[in-house]
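*Asks:* Okay, handing you the structure first.
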2 protein chains.
Amino acid sequence: MEHPENDDLYRGLKVNKGVADVPTVNPYLKKKQRREFTPSEFVEGILKGNITILSQAVTLVESSKYEHQQVAQEIIEKCLPHAGKSVRIGITGVPGAGKSTSIDVFGMHLIKEGRKLAVLAIDPSSERSKGSILGDKTRMEALSREKDAFIRPSPSAGSLGGVARKTRETIVLCEAAGFDTVFVETVGVGQSETAVHSMVDFFLLIQLAGTGDELQGIKRGIMEMADGIIINKADGDNIDKAKLAATQFKNALHLFPPAESGWFPKVLTYSGYYNIGIKEIWDMVGEYMEFTKKNGYFNYKRNEQAKYWMYESINDTLRETFYHNPAVEGMLGQTEQQVLNNEISSFVAAKRMMDLFLENLSKK
Amino acid sequence: MEHPENDDLYRGLKVNKGVADVPTVNPYLKKKQRREFTPSEFVEGILKGNITILSQAVTLVESSKYEHQQVAQEIIEKCLPHAGKSVRIGITGVPGAGKSTSIDVFGMHLIKEGRKLAVLAIDPSSERSKGSILGDKTRMEALSREKDAFIRPSPSAGSLGGVARKTRETIVLCEAAGFDTVFVETVGVGQSETAVHSMVDFFLLIQLAGTGDELQGIKRGIMEMADGIIINKADGDNIDKAKLAATQFKNALHLFPPAESGWFPKVLTYSGYYNIGIKEIWDMVGEYMEFTKKNGYFNYKRNEQAKYWMYESINDTLRETFYHNPAVEGMLGQTEQQVLNNEISSFVAAKRMMDLFLENLSKK
């Protein structure tokens, strides 16, 4: 591996841009200073735990430019042997459940225990609801000031599959950079929870006490994914309500079939605002890790997840190639209308589109 | 449309086979009698409600032979304008919940009300658990003797996608043949429930009273799909237990977010064996139909389902073409292993497989 000078390692894109703005600079020097890192330089910086370089590598992962992707994939490949050692926790909950405060307090608890925490997010709709998810680091006031915390908003562009892949690859880079705990946050109202569930070890659902109205935003099926449900705002006058909610959730969980892991989901109450019951949440995660490492589920799940993402990537790429094929694009709307009019069966429609696709490909 | 002679309409494949076995038969006559129906003849027979011809058409739908599929698709296309008028009900529940008895009794109630009932099934695993699902018509003793009931076991061959498609196309044929109610049965332990949910108007879950052990077989997520949960064996000493279970389920359902339909799932108790509470189940379905037809959800859902199946068919065909491509097949195992060994990322693996596929296609 090539050993770049230290200077190079700490010369980020932002810095270079500043330098480039100086008009009297020597053109040769300007060019030299603007030189991008080689993948090996990126990897060395990441392995040293350099946050600026990690950030830039994540930017490449998130970029849709072909040449950026080429570099990003080389970096990821070199980081893979150093990845995999963190505890990955998915965190979801409706807006209003106090997700940011909870992550801030929960995260600070971990930092004080000497852990290094990366907080990532999946929110394919962040274009629409800009700023709703990690858009503003100040939502996690305490964490954002910690050097051992790396907070990164959701990649905003692209399909859920694309965004999920980028987040998953960012986990690899963060782990290689020495982060031993990774949070992946979702808003809990979209399709993203399955994606998050497929990239974390532990899935945490934040709920509120209430009559059921508060649940309206949570998508069906999410409760069944949870390894732990935590009821926020168990403080002051609200303690009894929160405890009642916990009992209701516990009863409801008993009606579900047991999870594949053999783990029975726990329900805890806490207060993010008053910092009550946070240690117990982390203890629960620890208990789960011990339990699943002992019964072999942990490794089994990680392997299944790797395979899952390979086939997801294949199927994503396959669909993208198909639906962006000009012959297909030109006929799709019309064919869909014929199906809705009961003129052709969905199978005949599919076959026609497929024939168009293959014919168009073989012409190339 | 060509009008075949009546004789032809009632000359099924089975009969022909018998005739063909007679050695002294005139070869010309034999050939003539063995002549297969034209698609138009099939359609005419189906529209007249001829069960033998309907059965044979379903056999073509289920066949994996190319020429059978050609004919089947033509029949379906011609039946489509006559389809869509039935109430489609999905029924699931673990083995032991008394599904067959329940369907038998529930079905007989409908027959006595003057309805025509088709009972279909989705069970891609029927190869494995042969006879477990509708394999034996005698499981529905009363229904199987009724001329207004058409009972058809699950197509056994192929992937879930393939089996589901065949069942969905069989619904079209049954509706064109005048069946105004369609049951689609699943065993409730596999992947089939989502497929069934996507082809029916009402999704019914059969449960048993109990301490939770009975629920172990039901797959996670199924409860959240149900428009109605019915607790069987509410008879004799078991009545109180069944009522308690109903209350527990009702409470649990309150923790779920409301369904898109605006309908709040009902929980009923009944006894399939003693024929108690059956009318109430049908009343619930009727109420649901009225509710969703009034608020527009019924038509909306039917349209969404048609689109869903078109895209499912496309994606199925696409995956099949890809994974059966010789270049892909040859490299897939090795690439998967590289992903598991952390040698390449899942995305790089996907890209390599995709490049192989496109290269192989363009060579043809």
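By order in the structure tokens, chains are A, B, ...; within a chain, residues start at 1; ligands start at 1, following the order shown.
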Tell me the residues of chain B close to chain A, meaning within 6 Å using only C-alpha atoms, as a list in words.
*Replies:*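 Per the criterion, chain B yields Glu77, Leu80, Leu215, Gln216, Gly221, Ala252, Pro257, Trp309, Met310, Ser313, Ile314, Asn342, Ile344, Ser346, Phe347, Ala350 and Ser362 of chain B.
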*Asks:* Using N, CA and C atoms, can you write the selected residues to a file as a PDB file, in the first residue's frame?
*Replies:*
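Dumped to selection-v4.pdb:
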ATOM      1  N   GLU B  77     -58.263 -14.294 -21.329  1.00  0.00           N
ATOM      2  CA  GLU B  77     -58.526 -12.994 -21.935  1.00  0.00           C
ATOM      3  C   GLU B  77     -60.000 -12.851 -22.309  1.00  0.00           C
ATOM      4  N   LEU B  80     -62.151 -12.516 -19.087  1.00  0.00           N
ATOM      5  CA  LEU B  80     -61.951 -11.324 -18.248  1.00  0.00           C
ATOM      6  C   LEU B  80     -63.163 -10.381 -18.206  1.00  0.00           C
ATOM      7  N   LEU B 215     -50.620 -20.314  18.790  1.00  0.00           N
ATOM      8  CA  LEU B 215     -50.299 -19.278  17.819  1.00  0.00           C
ATOM      9  C   LEU B 215     -48.935 -19.492  17.179  1.00  0.00           C
ATOM     10  N   GLN B 216     -48.170 -20.378  17.733  1.00  0.00           N
ATOM     11  CA  GLN B 216     -46.793 -20.523  17.293  1.00  0.00           C
ATOM     12  C   GLN B 216     -46.663 -20.743  15.796  1.00  0.00           C
ATOM     13  N   GLY B 221     -47.093 -11.098  11.237  1.00  0.00           N
ATOM     14  CA  GLY B 221     -47.604 -10.167  10.232  1.00  0.00           C
ATOM     15  C   GLY B 221     -48.971 -10.543   9.712  1.00  0.00           C
ATOM     16  N   ALA B 252     -55.655  -6.452  21.315  1.00  0.00           N
ATOM     17  CA  ALA B 252     -54.421  -6.400  20.523  1.00  0.00           C
ATOM     18  C   ALA B 252     -54.642  -5.604  19.243  1.00  0.00           C
ATOM     19  N   PRO B 257     -52.331   0.170  14.016  1.00  0.00           N
ATOM     20  CA  PRO B 257     -52.868   1.342  13.328  1.00  0.00           C
ATOM     21  C   PRO B 257     -54.030   0.920  12.440  1.00  0.00           C
ATOM     22  N   TRP B 309     -50.398  -7.321  -9.531  1.00  0.00           N
ATOM     23  CA  TRP B 309     -50.110  -8.600 -10.169  1.00  0.00           C
ATOM     24  C   TRP B 309     -49.394  -8.449 -11.490  1.00  0.00           C
ATOM     25  N   MET B 310     -49.694  -7.344 -12.196  1.00  0.00           N
ATOM     26  CA  MET B 310     -48.952  -7.099 -13.434  1.00  0.00           C
ATOM     27  C   MET B 310     -47.465  -6.920 -13.109  1.00  0.00           C
ATOM     28  N   SER B 313     -45.887 -10.117 -11.929  1.00  0.00           N
ATOM     29  CA  SER B 313     -45.613 -11.002 -13.073  1.00  0.00           C
ATOM     30  C   SER B 313     -44.353 -10.557 -13.799  1.00  0.00           C
ATOM     31  N   ILE B 314     -44.236  -9.260 -14.025  1.00  0.00           N
ATOM     32  CA  ILE B 314     -43.047  -8.741 -14.707  1.00  0.00           C
ATOM     33  C   ILE B 314     -41.801  -9.094 -13.899  1.00  0.00           C
ATOM     34  N   ASN B 342     -16.746 -11.642   3.008  1.00  0.00           N
ATOM     35  CA  ASN B 342     -16.389 -10.220   3.073  1.00  0.00           C
ATOM     36  C   ASN B 342     -15.311  -9.838   2.063  1.00  0.00           C
ATOM     37  N   ILE B 344     -16.060  -9.156  -1.310  1.00  0.00           N
ATOM     38  CA  ILE B 344     -16.652  -8.089  -2.121  1.00  0.00           C
ATOM     39  C   ILE B 344     -17.965  -7.661  -1.472  1.00  0.00           C
ATOM     40  N   SER B 346     -21.962  -6.580  -1.423  1.00  0.00           N
ATOM     41  CA  SER B 346     -23.109  -7.156  -2.120  1.00  0.00           C
ATOM     42  C   SER B 346     -23.398  -6.386  -3.398  1.00  0.00           C
ATOM     43  N   PHE B 347     -23.116  -5.091  -3.385  1.00  0.00           N
ATOM     44  CA  PHE B 347     -23.377  -4.294  -4.577  1.00  0.00           C
ATOM     45  C   PHE B 347     -22.435  -4.660  -5.723  1.00  0.00           C
ATOM     46  N   ALA B 350     -23.567  -7.876  -7.134  1.00  0.00           N
ATOM     47  CA  ALA B 350     -24.743  -7.702  -7.988  1.00  0.00           C
ATOM     48  C   ALA B 350     -24.335  -7.151  -9.352  1.00  0.00           C
ATOM     49  N   SER B 362     -26.617 -10.269 -24.998  1.00  0.00           N
ATOM     50  CA  SER B 362     -26.319  -9.569 -26.253  1.00  0.00           C
ATOM     51  C   SER B 362     -25.569 -10.476 -27.226  1.00  0.00           C
TER      52      SER B 362
END
*Asks:* List the neighbours of Lys266 of chain B out to 8 Å using only C-alpha atoms; skip same-chain residues closer than 3 positions along the sequence, and give me the result as an mmCIF file with N, CA, C and O atoms, in the first residue's frame.
*Replies:*
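Output contents, as saved in part.cif:
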data_model
loop_
_atom_site.group_PDB
_atom_site.id
_atom_site.type_symbol
_atom_site.label_atom_id
_atom_site.label_comp_id
_atom_site.auth_asym_id
_atom_site.auth_seq_id
_atom_site.Cartn_x
_atom_site.Cartn_y
_atom_site.Cartn_z
ATOM 1 N N ASP B 227 -59.068 -8.886 8.060
ATOM 2 C CA ASP B 227 -60.247 -8.029 8.156
ATOM 3 C C ASP B 227 -61.214 -8.594 9.185
ATOM 4 O O ASP B 227 -62.094 -7.896 9.676
ATOM 5 N N GLY B 228 -61.038 -9.876 9.476
ATOM 6 C CA GLY B 228 -61.848 -10.518 10.497
ATOM 7 C C GLY B 228 -61.066 -11.669 11.111
ATOM 8 O O GLY B 228 -60.369 -12.398 10.414
ATOM 9 N N ILE B 229 -61.155 -11.786 12.443
ATOM 10 C CA ILE B 229 -60.543 -12.933 13.125
ATOM 11 C C ILE B 229 -61.681 -13.744 13.713
ATOM 12 O O ILE B 229 -62.546 -13.196 14.404
ATOM 13 N N LYS B 250 -59.233 -8.586 20.395
ATOM 14 C CA LYS B 250 -59.798 -7.243 20.194
ATOM 15 C C LYS B 250 -58.860 -6.186 20.776
ATOM 16 O O LYS B 250 -58.593 -5.160 20.151
ATOM 17 N N MET B 284 -70.668 -10.409 8.686
ATOM 18 C CA MET B 284 -69.491 -9.536 8.803
ATOM 19 C C MET B 284 -68.891 -9.242 7.430
ATOM 20 O O MET B 284 -68.555 -8.091 7.113
#
*Asks:* In Å, with one decimal, what is the gap from atom CA of Met108 of chain A to atom CA of Ile75 of chain A?
*Replies:*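 Interatomic distance, atom CA of Met108 of chain A to atom CA of Ile75 of chain A: 29.7 Å.
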*Asks:* Check the DSSP output for the backbone and give back, as a short mmCIF file (atom, residue, chain, number, x, y, z; two decimals) with N, CA, C and O atoms, in the first residue's frame, the residues of segment 49-200 of chain A in helix (DSSP H, G or I).
*Replies:*
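File written: states14.cif
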data_model
loop_
_atom_site.label_atom_id
_atom_site.label_comp_id
_atom_site.auth_asym_id
_atom_site.auth_seq_id
_atom_site.Cartn_x
_atom_site.Cartn_y
_atom_site.Cartn_z
N ILE A 51 -12.17 11.44 10.90
CA ILE A 51 -13.58 11.70 10.63
C ILE A 51 -13.79 12.48 9.33
O ILE A 51 -14.73 12.23 8.58
N THR A 52 -12.88 13.41 9.03
CA THR A 52 -13.02 14.19 7.80
C THR A 52 -12.95 13.27 6.58
O THR A 52 -13.75 13.38 5.65
N ILE A 53 -12.00 12.36 6.62
CA ILE A 53 -11.85 11.43 5.49
C ILE A 53 -13.02 10.45 5.43
O ILE A 53 -13.54 10.16 4.35
N LEU A 54 -13.45 9.99 6.58
CA LEU A 54 -14.63 9.13 6.62
C LEU A 54 -15.82 9.85 5.97
O LEU A 54 -16.51 9.28 5.11
N SER A 55 -16.02 11.10 6.35
CA SER A 55 -17.12 11.89 5.79
C SER A 55 -17.04 11.98 4.28
O SER A 55 -18.05 11.84 3.58
N GLN A 56 -15.83 12.22 3.79
CA GLN A 56 -15.67 12.35 2.34
C GLN A 56 -15.93 11.02 1.63
O GLN A 56 -16.49 10.99 0.54
N ALA A 57 -15.50 9.95 2.27
CA ALA A 57 -15.74 8.63 1.67
C ALA A 57 -17.24 8.35 1.62
O ALA A 57 -17.75 7.83 0.62
N VAL A 58 -17.94 8.74 2.68
CA VAL A 58 -19.40 8.54 2.69
C VAL A 58 -20.05 9.37 1.58
O VAL A 58 -20.98 8.92 0.90
N THR A 59 -19.52 10.57 1.37
CA THR A 59 -20.04 11.40 0.28
C THR A 59 -19.88 10.68 -1.06
O THR A 59 -20.77 10.73 -1.91
N LEU A 60 -18.76 10.01 -1.24
CA LEU A 60 -18.56 9.24 -2.49
C LEU A 60 -19.56 8.09 -2.58
O LEU A 60 -20.12 7.82 -3.65
N VAL A 61 -19.78 7.41 -1.45
CA VAL A 61 -20.74 6.30 -1.42
C VAL A 61 -22.12 6.81 -1.84
O VAL A 61 -22.86 6.15 -2.57
N GLU A 62 -22.44 8.01 -1.38
CA GLU A 62 -23.78 8.56 -1.64
C GLU A 62 -23.92 9.16 -3.03
O GLU A 62 -25.03 9.38 -3.51
N TYR A 66 -20.80 7.99 -11.72
CA TYR A 66 -20.16 6.71 -11.99
C TYR A 66 -18.75 6.64 -11.41
O TYR A 66 -18.39 5.67 -10.74
N GLU A 67 -17.95 7.70 -11.65
CA GLU A 67 -16.54 7.63 -11.21
C GLU A 67 -16.43 7.66 -9.68
O GLU A 67 -15.54 7.03 -9.10
N HIS A 68 -17.36 8.34 -9.03
CA HIS A 68 -17.38 8.31 -7.56
C HIS A 68 -17.70 6.91 -7.05
O HIS A 68 -17.12 6.43 -6.08
N GLN A 69 -18.65 6.28 -7.71
CA GLN A 69 -19.04 4.94 -7.30
C GLN A 69 -17.89 3.95 -7.44
O GLN A 69 -17.70 3.07 -6.61
N GLN A 70 -17.11 4.12 -8.53
CA GLN A 70 -15.95 3.25 -8.76
C GLN A 70 -15.00 3.33 -7.56
O GLN A 70 -14.58 2.31 -7.02
N VAL A 71 -14.68 4.56 -7.16
CA VAL A 71 -13.77 4.76 -6.03
C VAL A 71 -14.42 4.23 -4.74
O VAL A 71 -13.79 3.52 -3.96
N ALA A 72 -15.69 4.57 -4.55
CA ALA A 72 -16.39 4.17 -3.33
C ALA A 72 -16.35 2.65 -3.16
O ALA A 72 -16.07 2.14 -2.07
N GLN A 73 -16.60 1.94 -4.25
CA GLN A 73 -16.65 0.48 -4.15
C GLN A 73 -15.27 -0.11 -3.82
O GLN A 73 -15.16 -1.10 -3.11
N GLU A 74 -14.24 0.55 -4.33
CA GLU A 74 -12.89 0.08 -4.00
C GLU A 74 -12.59 0.31 -2.51
O GLU A 74 -12.01 -0.55 -1.84
N ILE A 75 -13.01 1.47 -2.01
CA ILE A 75 -12.82 1.77 -0.58
C ILE A 75 -13.57 0.75 0.28
O ILE A 75 -13.02 0.19 1.23
N ILE A 76 -14.83 0.52 -0.08
CA ILE A 76 -15.66 -0.42 0.71
C ILE A 76 -15.00 -1.80 0.74
O ILE A 76 -14.90 -2.43 1.79
N GLU A 77 -14.55 -2.24 -0.44
CA GLU A 77 -13.94 -3.56 -0.53
C GLU A 77 -12.75 -3.68 0.42
O GLU A 77 -12.57 -4.70 1.08
N LYS A 78 -11.96 -2.60 0.47
CA LYS A 78 -10.78 -2.63 1.34
C LYS A 78 -11.14 -2.48 2.81
O LYS A 78 -10.35 -2.85 3.69
N CYS A 79 -12.29 -1.90 3.08
CA CYS A 79 -12.72 -1.74 4.48
C CYS A 79 -13.43 -2.99 5.01
O CYS A 79 -13.48 -3.20 6.23
N LEU A 80 -14.00 -3.78 4.10
CA LEU A 80 -14.81 -4.94 4.52
C LEU A 80 -14.12 -5.84 5.56
O LEU A 80 -14.74 -6.23 6.55
N PRO A 81 -12.81 -6.17 5.36
CA PRO A 81 -12.18 -7.05 6.36
C PRO A 81 -12.09 -6.41 7.74
O PRO A 81 -11.91 -7.11 8.73
N HIS A 82 -12.21 -5.08 7.82
CA HIS A 82 -12.12 -4.39 9.11
C HIS A 82 -13.50 -4.07 9.68
O HIS A 82 -13.61 -3.40 10.71
N LYS A 99 -37.89 10.96 19.22
CA LYS A 99 -36.80 10.14 18.73
C LYS A 99 -35.43 10.83 18.87
O LYS A 99 -34.48 10.22 19.34
N SER A 100 -35.35 12.10 18.47
CA SER A 100 -34.06 12.78 18.52
C SER A 100 -33.54 12.87 19.95
O SER A 100 -32.37 12.55 20.21
N THR A 101 -34.39 13.32 20.86
CA THR A 101 -33.98 13.43 22.27
C THR A 101 -33.53 12.07 22.78
O THR A 101 -32.51 11.95 23.46
N SER A 102 -34.30 11.04 22.45
CA SER A 102 -33.97 9.69 22.92
C SER A 102 -32.61 9.25 22.39
O SER A 102 -31.79 8.72 23.14
N ILE A 103 -32.36 9.48 21.11
CA ILE A 103 -31.09 9.07 20.52
C ILE A 103 -29.96 9.87 21.15
O ILE A 103 -28.88 9.34 21.45
N ASP A 104 -30.21 11.15 21.39
CA ASP A 104 -29.21 12.02 22.01
C ASP A 104 -28.84 11.48 23.39
O ASP A 104 -27.65 11.28 23.70
N VAL A 105 -29.82 11.22 24.21
CA VAL A 105 -29.58 10.77 25.58
C VAL A 105 -28.99 9.35 25.61
O VAL A 105 -28.03 9.07 26.32
N PHE A 106 -29.59 8.47 24.82
CA PHE A 106 -29.12 7.09 24.72
C PHE A 106 -27.68 7.07 24.22
O PHE A 106 -26.80 6.38 24.77
N GLY A 107 -27.41 7.89 23.20
CA GLY A 107 -26.08 7.97 22.62
C GLY A 107 -25.06 8.49 23.62
O GLY A 107 -23.95 7.95 23.75
N MET A 108 -25.43 9.52 24.37
CA MET A 108 -24.51 10.08 25.37
C MET A 108 -24.17 9.05 26.45
O MET A 108 -23.04 9.01 26.94
N HIS A 109 -25.16 8.25 26.80
CA HIS A 109 -24.92 7.17 27.77
C HIS A 109 -23.81 6.24 27.25
O HIS A 109 -22.92 5.84 28.01
N LEU A 110 -23.86 5.93 25.97
CA LEU A 110 -22.86 5.03 25.38
C LEU A 110 -21.49 5.70 25.30
O LEU A 110 -20.46 5.08 25.59
N ILE A 111 -21.49 6.98 24.92
CA ILE A 111 -20.23 7.72 24.83
C ILE A 111 -19.54 7.74 26.20
O ILE A 111 -18.33 7.53 26.31
N LYS A 112 -20.35 7.95 27.23
CA LYS A 112 -19.78 7.99 28.59
C LYS A 112 -19.26 6.62 29.02
O LYS A 112 -18.39 6.53 29.88
N LYS A 137 -28.23 18.61 12.58
CA LYS A 137 -27.49 17.94 13.64
C LYS A 137 -27.86 18.46 15.02
O LYS A 137 -27.69 17.77 16.01
N THR A 138 -28.35 19.68 15.05
CA THR A 138 -28.65 20.27 16.36
C THR A 138 -29.82 19.57 17.03
O THR A 138 -30.07 19.78 18.20
N ARG A 139 -30.51 18.72 16.29
CA ARG A 139 -31.56 17.94 16.92
C ARG A 139 -30.95 17.02 17.99
O ARG A 139 -31.63 16.58 18.90
N MET A 140 -29.67 16.70 17.83
CA MET A 140 -28.98 15.90 18.84
C MET A 140 -27.86 16.74 19.43
O MET A 140 -26.69 16.56 19.13
N LEU A 143 -24.87 15.02 21.56
CA LEU A 143 -24.08 14.10 20.72
C LEU A 143 -23.26 14.84 19.68
O LEU A 143 -22.11 14.48 19.41
N SER A 144 -23.87 15.87 19.09
CA SER A 144 -23.21 16.55 17.97
C SER A 144 -21.93 17.27 18.41
O SER A 144 -21.13 17.66 17.58
N ARG A 145 -21.75 17.44 19.72
CA ARG A 145 -20.51 18.07 20.20
C ARG A 145 -19.44 17.04 20.58
O ARG A 145 -18.33 17.41 20.93
N LEU A 160 -35.71 3.74 -2.41
CA LEU A 160 -35.45 3.15 -1.10
C LEU A 160 -34.29 2.16 -1.18
O LEU A 160 -33.39 2.16 -0.35
N GLY A 161 -34.31 1.33 -2.24
CA GLY A 161 -33.25 0.34 -2.40
C GLY A 161 -31.88 1.01 -2.46
O GLY A 161 -30.93 0.59 -1.81
N GLY A 162 -31.81 2.09 -3.22
CA GLY A 162 -30.56 2.81 -3.37
C GLY A 162 -30.11 3.44 -2.06
O GLY A 162 -28.95 3.31 -1.66
N VAL A 163 -31.05 4.11 -1.39
CA VAL A 163 -30.73 4.77 -0.12
C VAL A 163 -30.29 3.74 0.92
O VAL A 163 -29.32 3.93 1.64
N ALA A 164 -31.00 2.62 0.97
CA ALA A 164 -30.69 1.57 1.94
C ALA A 164 -29.29 1.01 1.68
O ALA A 164 -28.52 0.79 2.61
N ARG A 165 -28.98 0.78 0.42
CA ARG A 165 -27.66 0.28 0.09
C ARG A 165 -26.58 1.23 0.58
O ARG A 165 -25.58 0.83 1.18
N LYS A 166 -26.79 2.54 0.32
CA LYS A 166 -25.79 3.53 0.72
C LYS A 166 -25.61 3.53 2.24
O LYS A 166 -24.49 3.62 2.73
N THR A 167 -26.72 3.45 2.96
CA THR A 167 -26.62 3.43 4.43
C THR A 167 -25.87 2.18 4.87
O THR A 167 -25.03 2.22 5.77
N ARG A 168 -26.17 1.05 4.23
CA ARG A 168 -25.51 -0.19 4.61
C ARG A 168 -24.00 -0.11 4.34
O ARG A 168 -23.19 -0.57 5.15
N GLU A 169 -23.63 0.51 3.23
CA GLU A 169 -22.21 0.63 2.91
C GLU A 169 -21.53 1.63 3.85
O GLU A 169 -20.36 1.48 4.19
N THR A 170 -22.30 2.64 4.28
CA THR A 170 -21.75 3.59 5.25
C THR A 170 -21.46 2.90 6.58
O THR A 170 -20.48 3.23 7.26
N ILE A 171 -22.29 1.93 6.96
CA ILE A 171 -22.03 1.15 8.18
C ILE A 171 -20.64 0.50 8.09
O ILE A 171 -19.85 0.55 9.04
N VAL A 172 -20.34 -0.07 6.93
CA VAL A 172 -19.03 -0.73 6.73
C VAL A 172 -17.89 0.26 6.98
O VAL A 172 -16.95 -0.03 7.72
N LEU A 173 -18.03 1.45 6.39
CA LEU A 173 -16.97 2.45 6.55
C LEU A 173 -16.85 2.90 8.01
O LEU A 173 -15.75 3.05 8.54
N CYS A 174 -17.99 3.11 8.67
CA CYS A 174 -17.96 3.56 10.08
C CYS A 174 -17.31 2.49 10.95
O CYS A 174 -16.52 2.80 11.84
N GLU A 175 -17.64 1.25 10.70
CA GLU A 175 -17.05 0.17 11.50
C GLU A 175 -15.54 0.10 11.29
O GLU A 175 -14.77 -0.07 12.24
N ALA A 176 -15.13 0.27 10.04
CA ALA A 176 -13.70 0.24 9.75
C ALA A 176 -13.00 1.41 10.44
O ALA A 176 -11.83 1.32 10.81
N SER A 192 -39.25 1.96 4.90
CA SER A 192 -37.83 1.79 5.21
C SER A 192 -37.55 0.79 6.32
O SER A 192 -36.42 0.34 6.46
N GLU A 193 -38.56 0.47 7.13
CA GLU A 193 -38.27 -0.32 8.32
C GLU A 193 -37.78 -1.73 7.97
O GLU A 193 -36.90 -2.27 8.64
N THR A 194 -38.33 -2.32 6.92
CA THR A 194 -37.86 -3.64 6.51
C THR A 194 -36.40 -3.56 6.12
O THR A 194 -35.61 -4.44 6.46
N ALA A 195 -36.05 -2.50 5.40
CA ALA A 195 -34.66 -2.31 4.99
C ALA A 195 -33.75 -2.18 6.22
O ALA A 195 -32.70 -2.82 6.30
N VAL A 196 -34.18 -1.37 7.18
CA VAL A 196 -33.37 -1.19 8.39
C VAL A 196 -33.27 -2.51 9.15
O VAL A 196 -32.19 -2.93 9.57
N HIS A 197 -34.40 -3.17 9.30
CA HIS A 197 -34.45 -4.45 9.99
C HIS A 197 -33.44 -5.42 9.40
O HIS A 197 -32.90 -6.28 10.10
#
*Asks:* Measuring atom to atom with only C-alpha atoms, identify which of A:Asn50, A:Thr269, A:Phe183, A:Leu120 is nearest to Asp235 of chain A.
*Replies:*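 Of the candidates, the smallest distance to Asp235 of chain A is held by A:Thr269.
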*Asks:* Set the distance at 10 Å and use only C-alpha atoms: which residues neighbour Phe298 of chain A once local chain neighbours fewer than 3 positions away are removed? I'd like the list as a list in words.
*Replies:* Asp201, Phe202, Ser261, Tyr288, Met289, Glu290, Phe291, Thr292, Lys293, Lys294, Asn295, Lys301, Arg302, Asn303 and Glu304 of chain A
